[in-house]
Every structure is written in C-alpha cells, then in structure tokens.
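Data block below; observations after.
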Amino acid sequence: MSQYVAIIGTGTMAAGIAAGFISHNIPVAILGRSKEKSGDCLKKATQLAIKIGLHGGNASLDEATIEAAQVSATMDAWDLWGDCSWVIETVAENLELKKQIFAYLDDKVPAHIPIGSNSSGFPITKISADLKTANRMMGAHYFMPAEVVPLVEIVIGEKTELAFAEQVCQLYKAINKKPVLVKKDIPGFLANRIQHALMREALSLVQEGIASPEDIDDAVRYSFGFRYAAVGPMTQKEISGWDGMANAAKEIYPSLSNITTLPPKVVQLMNDGKTGMKAGEGFRKWTPEEVLQTSNSYSKRLKAAFDVLNMD
C-alpha cells in the first residue's frame with residue numbers, strides 16, 4: 001500500500017483534496033478536531049472519488065471497501081506521521097491557527113516529509129516563521145472544487161528547499177493534477193494575481209458604465225476565455241504573434257485601470273449585503289431555482305473543460 005497523505009481539516013476543501021488521492025489509490029488520513037467531523041469528511045471524500053472516477057484498478061470497488069483503506073482521526077491522536085508521504089493543512093483562513101498547527105507539525109512530523117498549506121491568502125513564509133524545519137514547508141494552493149480543478153500552486157517560501165517542492169510536484173503529477181511552481185512567496189501567488197488583474201479591469205468597466213456584468217461575462221467566455229481552454233495566454237500569443245500584441249499594447253496599456261481599492265459599486269454591494277448567490281443577490285437577483293440551475297450548469301461545464309484539457 002502507498003504511504004498515507006495526511007490532510008488536516010474537515011471542510012469542503014479537505015474532502016475535495018482527499019478525493020483526488022483516493023481516486024488514484026493513495027490512502028489518506030483525514031485529521032480533524034473530532035473523530036465525528038473527520039469521519040464525515042472521509043465519507044464525503046469517498047463519494048467524490050467515486051463520482052470523479054477511480055483509477056488504478058479500483059473502478060469496481062464499492063464505497064465501504066474504498067473507505068476501509070482510509071483513516072479518520074483527530075490530529076493529536078494520529079501517531080503514524082512516519083507513514084506519510086505528504087502532509088497538507090486545509091483549516092480555516094486564520095493565521096494564528098495555521099501557525100499553531102505548523103508548530104505542532106514541526107515537532108511531530110519527521111524532517112524528511114514535506115508539509116504544505118492550502119492557504120489562499122497567508123504566505124507560507126509567515127506561517128512557518130521561526131520553525132526549525134521551515135525548509136520542507138511550502139504553499140499548496142488548490143482551487144474549488146478541488147476534486148475537479150487540476151491546478152495546484154506549489155509556492156516556495158523564503159526557507160523552502162527546491163528539492164522538497166519538486167518532490168511534491170511529482171506526487172501531484174502522479175495523480176493527474178497540474179502543479180505549477182511559484183518561485184517566490186508573493187501575494188496571490190500566480191493564478192489569483194492574474195485573475196485579480198482581470199477582475200480589476202472588469203469591475204472598473206462596470207463602475208464607469210462602459211459594459212454590464214453580463215456583457216463582460218460574454219466577452220470573456222466567448223473570446224479569449226474560449227481560447228484559453230485550448231492553450232494558455234503565453235502560447236496563444238506565440239501562435240498569433242507577439243508583434244500584434246505589442247502594437248495593441250501601446251494603445252491599450254495607458255488606459256487600463258490601475259486602481260488600488262475596490263470600485264464604489266462593489267463597496268456598496270458589500271455594504272448592502274449583496275454578496276452574490278449565497279445572499280440571493282449581487283449585481284443581479286438570484287432565485288433558488290436559478291442558483292440550482294446555474295450551479296448544475298457550472299459543474300457540467302467544468303467537466304467538459306476538464307475533458308478538453310486532457311485531449312491529446
């Protein structure tokens with residue numbers, strides 16, 4: 001049997017992360033504050049693994065058989081750290097909590113085993129500050145839903161040794177994830193920096209009344225977003241030619257938004273409690289039926305995009 005991957009946390013991300021390993025016949029240990037929560041998370045992870053498709057000869061196994069190969073426990077009750085190949089923390093975005101967990105792991109986990117944090121906001125350099133084995137600690141940032149979205153950002157902190165990061169990248173490649181190595185511990189890492197640059201411009205266009213949110217969605221989905229399902233932006237420009245991009249940039253770059261705070265329209269939405277689907281309203285109102293329909297459509301389209309990305 002493969003060595004365990006230890007997942008610390010019992011939320012939605014933990015279940016999705018665990019499913020990715022379970023589906024490739026790599027056993028997981030889900031460690032939470034209570035045995036009940038970690039057990040519930042394991043059940044969800046198992047169901048997700050079956051849903052996304054099992055690999056490595058497990059396709060005919062039932063849920064009970066798959067679950068028997070996994071472990072759920074509280075973190076303080078788990079003493080088989082030496083049997084782990086990778087430890088990843090997925091708890092709530094609370095810096096002090098993460099620092100406490102990493103200090104515990106620093107002492108308990110053998111020094112040759114890499115440790116990662118799925119934090120989307122806190123740099124691994126800050127989480128692992130002053131720990132004696134910070135050289136094997138790194139960011140490991142997933143995107144929701146973790147069991148479907150292929151990307152995992154492996155972020156090198158100030159003290160992270162490259163060999164540990166490369167080891168983790170190989171582990172993710174073995175389960176058909178797409179790891180990218182972020183060589184400096186910067187805010188937003190890689191994907192979110194690019195995503196926020198796009199959102200800054202999109203929200204500025206809405207603020208200035210140049211386009212509606214719906215038209216911005218269509219402009220992205222049916223132009224460059226459509227192309228990006230086939231190749232990324234760098235390769236797309238290799239195809240179309242950098243000279244054309246450079247000429248357009250001379251005209252466009254000076255007019256792009258460079259705001260450093262949220263546009264007033266977004267601030268007003270937050271103040272009014274209009275945070276999107278979960279509140280029933282954002283830039284537009286959402287009925288429960290529309291939420292369900294859009295969520296289901298989103299899941300189907302993600303699956304279709306995943307299939308496209310895996311085409312030869």
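By order in the structure tokens, chains are A, B, ...; within a chain, residues start at 1; ligands start at 1, following the order shown.
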Spatial neighbours of range 143-151 of chain A, 9 Å, only C-alpha atoms, chain gap at least 4 places, as a PyMOL selection string: chain A and resi 12-20+45+48-49+52+120+176-180+302-303+306
Find the residues around range 191-199 of chain A up to 12 Å (only C-alpha atoms counted), leave out those fewer than 6 positions away in its own chain, and share them as a ChimeraX atom specification. /A:120-121,141-143,151-155,179-182,205-207,213,216-217,220,224-225,232-233,256-263,266
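Comparing the minimum interatomic distances between Ile7 in chain A and each of A:Gly282, A:Pro27, A:Gly188, A:Gly276, counting only C-alpha atoms, we find that A:Pro27 sits nearest.
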| message | Write out as a list in words the set of residues from range 63-266 of chain A that DSSP, computed on the backbone, places in strand (DSSP E or B). | response | Val71, Ser72, Ala73, Thr74, Cys84, Ser85, Trp86, Val87, Ile88, Glu89, Ile115, Gly116, Ser117, Met137, Met138, Gly139, Ala140, His141, Leu151, Val152, Glu153, Ile154, Val155, Ile156, Lys178, Pro179, Val180, Leu181 and Val182 of chain A
Computed gap from CA of Ala92 in chain A to CA of Ser128 in chain A is 16.3 Å
- Message: List the spatial neighbours of Asp83 in chain A as a ChimeraX atom specification - criterion: any atom at most 8 Å away, only C-alpha atoms, same-chain residues fewer than 2 positions off excluded.
- Response: /A:3-4,80-81,85
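What separates CA of Val87 in chain A from CA of Ile101 in chain A is a distance of 11.4 Å.
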Which of range 88-269 of chain A DSSP labels alpha helix (DSSP H), written as a PyMOL selection string: chain A and resi 95-108+124-127+162-174+191-207+213-221+224-228+233-240+242-252+264-269
So which residues touch Ile8 in chain A within 12 Å, counting only C-alpha atoms, skipping near sequence neighbours fewer than 4 positions away, as JSON, numbers by chain?
{"A": [12, 13, 14, 15, 17, 18, 28, 29, 30, 31, 32, 33, 34, 37, 38, 41, 42, 71, 72, 73, 74, 75, 76, 78, 86, 87, 88, 89, 90, 91, 92, 97, 98, 101, 102, 104, 105, 115, 116, 117, 118]}
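Using only C-alpha atoms, the shortest contact distance between Gly11 in chain A and any of A:Asp79, A:Asp243, A:Glu93, A:Glu158 is found at A:Glu93.
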What separates CA of Pro187 in chain A and CA of Asp218 in chain A is a distance of 28.7 Å
